[in-house]
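Colleague: My questions will all concern the structure given below.
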Amino acid sequence: MANAFTLSIVAPDRSVVETDVTTLIAPGAQGYFGVLHGHLPMVAALKAGLIEYEDMQGQRHTVAVSGGFAEVTGAKVTILADAAERASEIDLARAEHALEEARKALRGESSGTTSREARQELERAMNRIRAAKGG
């Protein structure tokens, strides 16, 4: 495990991932960034997007997040996500329905939702669909 580091992804309601990984790609607020073992320490704000990582067996995994923060040290990455779902947990039909509702809100067909909220929901739904379909 010389080239591995621990990845922890935590949502407000649960621990989503706690495992050793070899690589990580995360959606930073200023753009996606990658992490390998020994990365310099940093803290980064995250935007809605997909976290991709490779486990110790070389398998790739995807987690959809809707923002949060990442703390990177040489041996561990901790992600405190506003919301997070493993790709395998995402209900594709529900995500597609949320996408359509967000589109309706942006067209002005739905009351009670601001355009900012609708754009955020649109982005979240699209990320969930991408994750569920394999990136």
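Letters A, B, ... mark the chains of the structure tokens in the order given; residue numbers begin at 1 per chain; ligand numbers begin at 1, in order shown.
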Would you write out, as JSON lines, a table of all residues in segment 67-87 of chain A that have an atom no more than 12 Å from an atom of segment 124-127 of chain A, listing for each the closest atom pair and the distance in Å to one decimal, considering only C-alpha atoms and ordering rows by chain and rising residue number?
Modeller:
{"residue": "A:Gly67", "atom": "CA", "partner": "A:Arg124", "partner_atom": "CA", "distance": 9.4}
{"residue": "A:Asp82", "atom": "CA", "partner": "A:Arg124", "partner_atom": "CA", "distance": 11.3}
{"residue": "A:Ala83", "atom": "CA", "partner": "A:Arg124", "partner_atom": "CA", "distance": 9.8}
{"residue": "A:Ala84", "atom": "CA", "partner": "A:Arg124", "partner_atom": "CA", "distance": 10.3}
{"residue": "A:Glu85", "atom": "CA", "partner": "A:Asn127", "partner_atom": "CA", "distance": 10.4}
{"residue": "A:Arg86", "atom": "CA", "partner": "A:Asn127", "partner_atom": "CA", "distance": 11.4}
{"residue": "A:Ala87", "atom": "CA", "partner": "A:Asn127", "partner_atom": "CA", "distance": 9.9}
Colleague: To test your reading of the structure, identify every residue in chain A that backbone DSSP assigns to strand (DSSP E or B), and report it as an MDAnalysis selection string.
Modeller: chainID A and resid 5:11 14:28 31:35 42:55 60:72 76:81 84:86
Colleague: Can you pull out every residue within 10 Å of Glu54 of chain A, counting only C-alpha atoms, but drop anything in the same chain fewer than 4 positions away, and send it as a count of residues only?
Modeller: 12
Colleague: Taking only C-alpha atoms into account, name the residue in A:Glu52, A:Gln57, A:Lys76, A:Ala64 that is nearest to Leu40 of chain A.
Modeller: A:Lys76
Colleague: Which residues are near Ala118 of chain A? Cut-off 12 Å, only C-alpha atoms, ignore same chain within fewer than 4 positions. Put them as a list in words.
Modeller: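 My list of contacting residues is Ala98, Leu99, Glu100, Glu101, Ala102, Arg103, Lys104, Ala105, Leu106, Arg107, Gly108, Glu109, Ser110, Ser111, Gly112, Thr113, Thr114, Leu122, Glu123, Arg124 and Ala125 of chain A.
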Colleague: So, counting only C-alpha atoms, which residue among A:Gly134, A:Pro12, A:Gly34, A:Pro41 is closest to Tyr53 of chain A?
Modeller: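 Of all the options, A:Gly34 lies closest to Tyr53 of chain A.
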Colleague: Looking at A:Ser88, A:Ser115, A:Thr78, A:Gln120, which one is nearest to Ile9 of chain A, with distances taken over only C-alpha atoms?
Modeller: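 Answer, going by the shortest atom-to-atom distance: A:Thr78.
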Colleague: Compare A:Leu46, A:Ile90, A:Ile129, A:Val10 by their minimum atom-to-atom distance to Gln30 of chain A, counting only C-alpha atoms, and give me the closest one.
Modeller: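 Among the listed residues, A:Leu46 lies closest to Gln30 of chain A.
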Colleague: Taking into account only C-alpha atoms, which residue in the set A:Leu80, A:Leu7, A:Arg116, A:Glu121 is nearest to Met56 of chain A?
Modeller: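 Answer, going by the shortest atom-to-atom distance: A:Leu7.
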Colleague: Using only C-alpha atoms, find the one residue out of A:Ile79, A:Val72, A:Ala48, A:Ala93 that sits nearest to Phe5 of chain A.
Modeller: A:Val72
Colleague: Would you work out the distance separating atom CA of Arg128 of chain A from atom CA of Ala95 of chain A, expressed in Å to one decimal?
Modeller: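 Pair atom CA of Arg128 of chain A / atom CA of Ala95 of chain A returns 6.4 Å.
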Colleague: Can you tell me, as a PyMOL selection string, which residues in segment 1-132 of chain A count as alpha helix (DSSP H) by DSSP?
Modeller: chain A and resi 92-106+115-132
Colleague: In Å to one decimal, how far is atom CA of Thr19 of chain A from atom CA of Ala45 of chain A?
Modeller: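 Separating atom CA of Ala45 of chain A from atom CA of Thr19 of chain A is a distance of 21.5 Å.
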Colleague: What is the atom CA of Phe33 of chain A to atom CA of Ala11 of chain A distance in Å?
Modeller: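 Here the two named atoms are 20.1 Å from each other.
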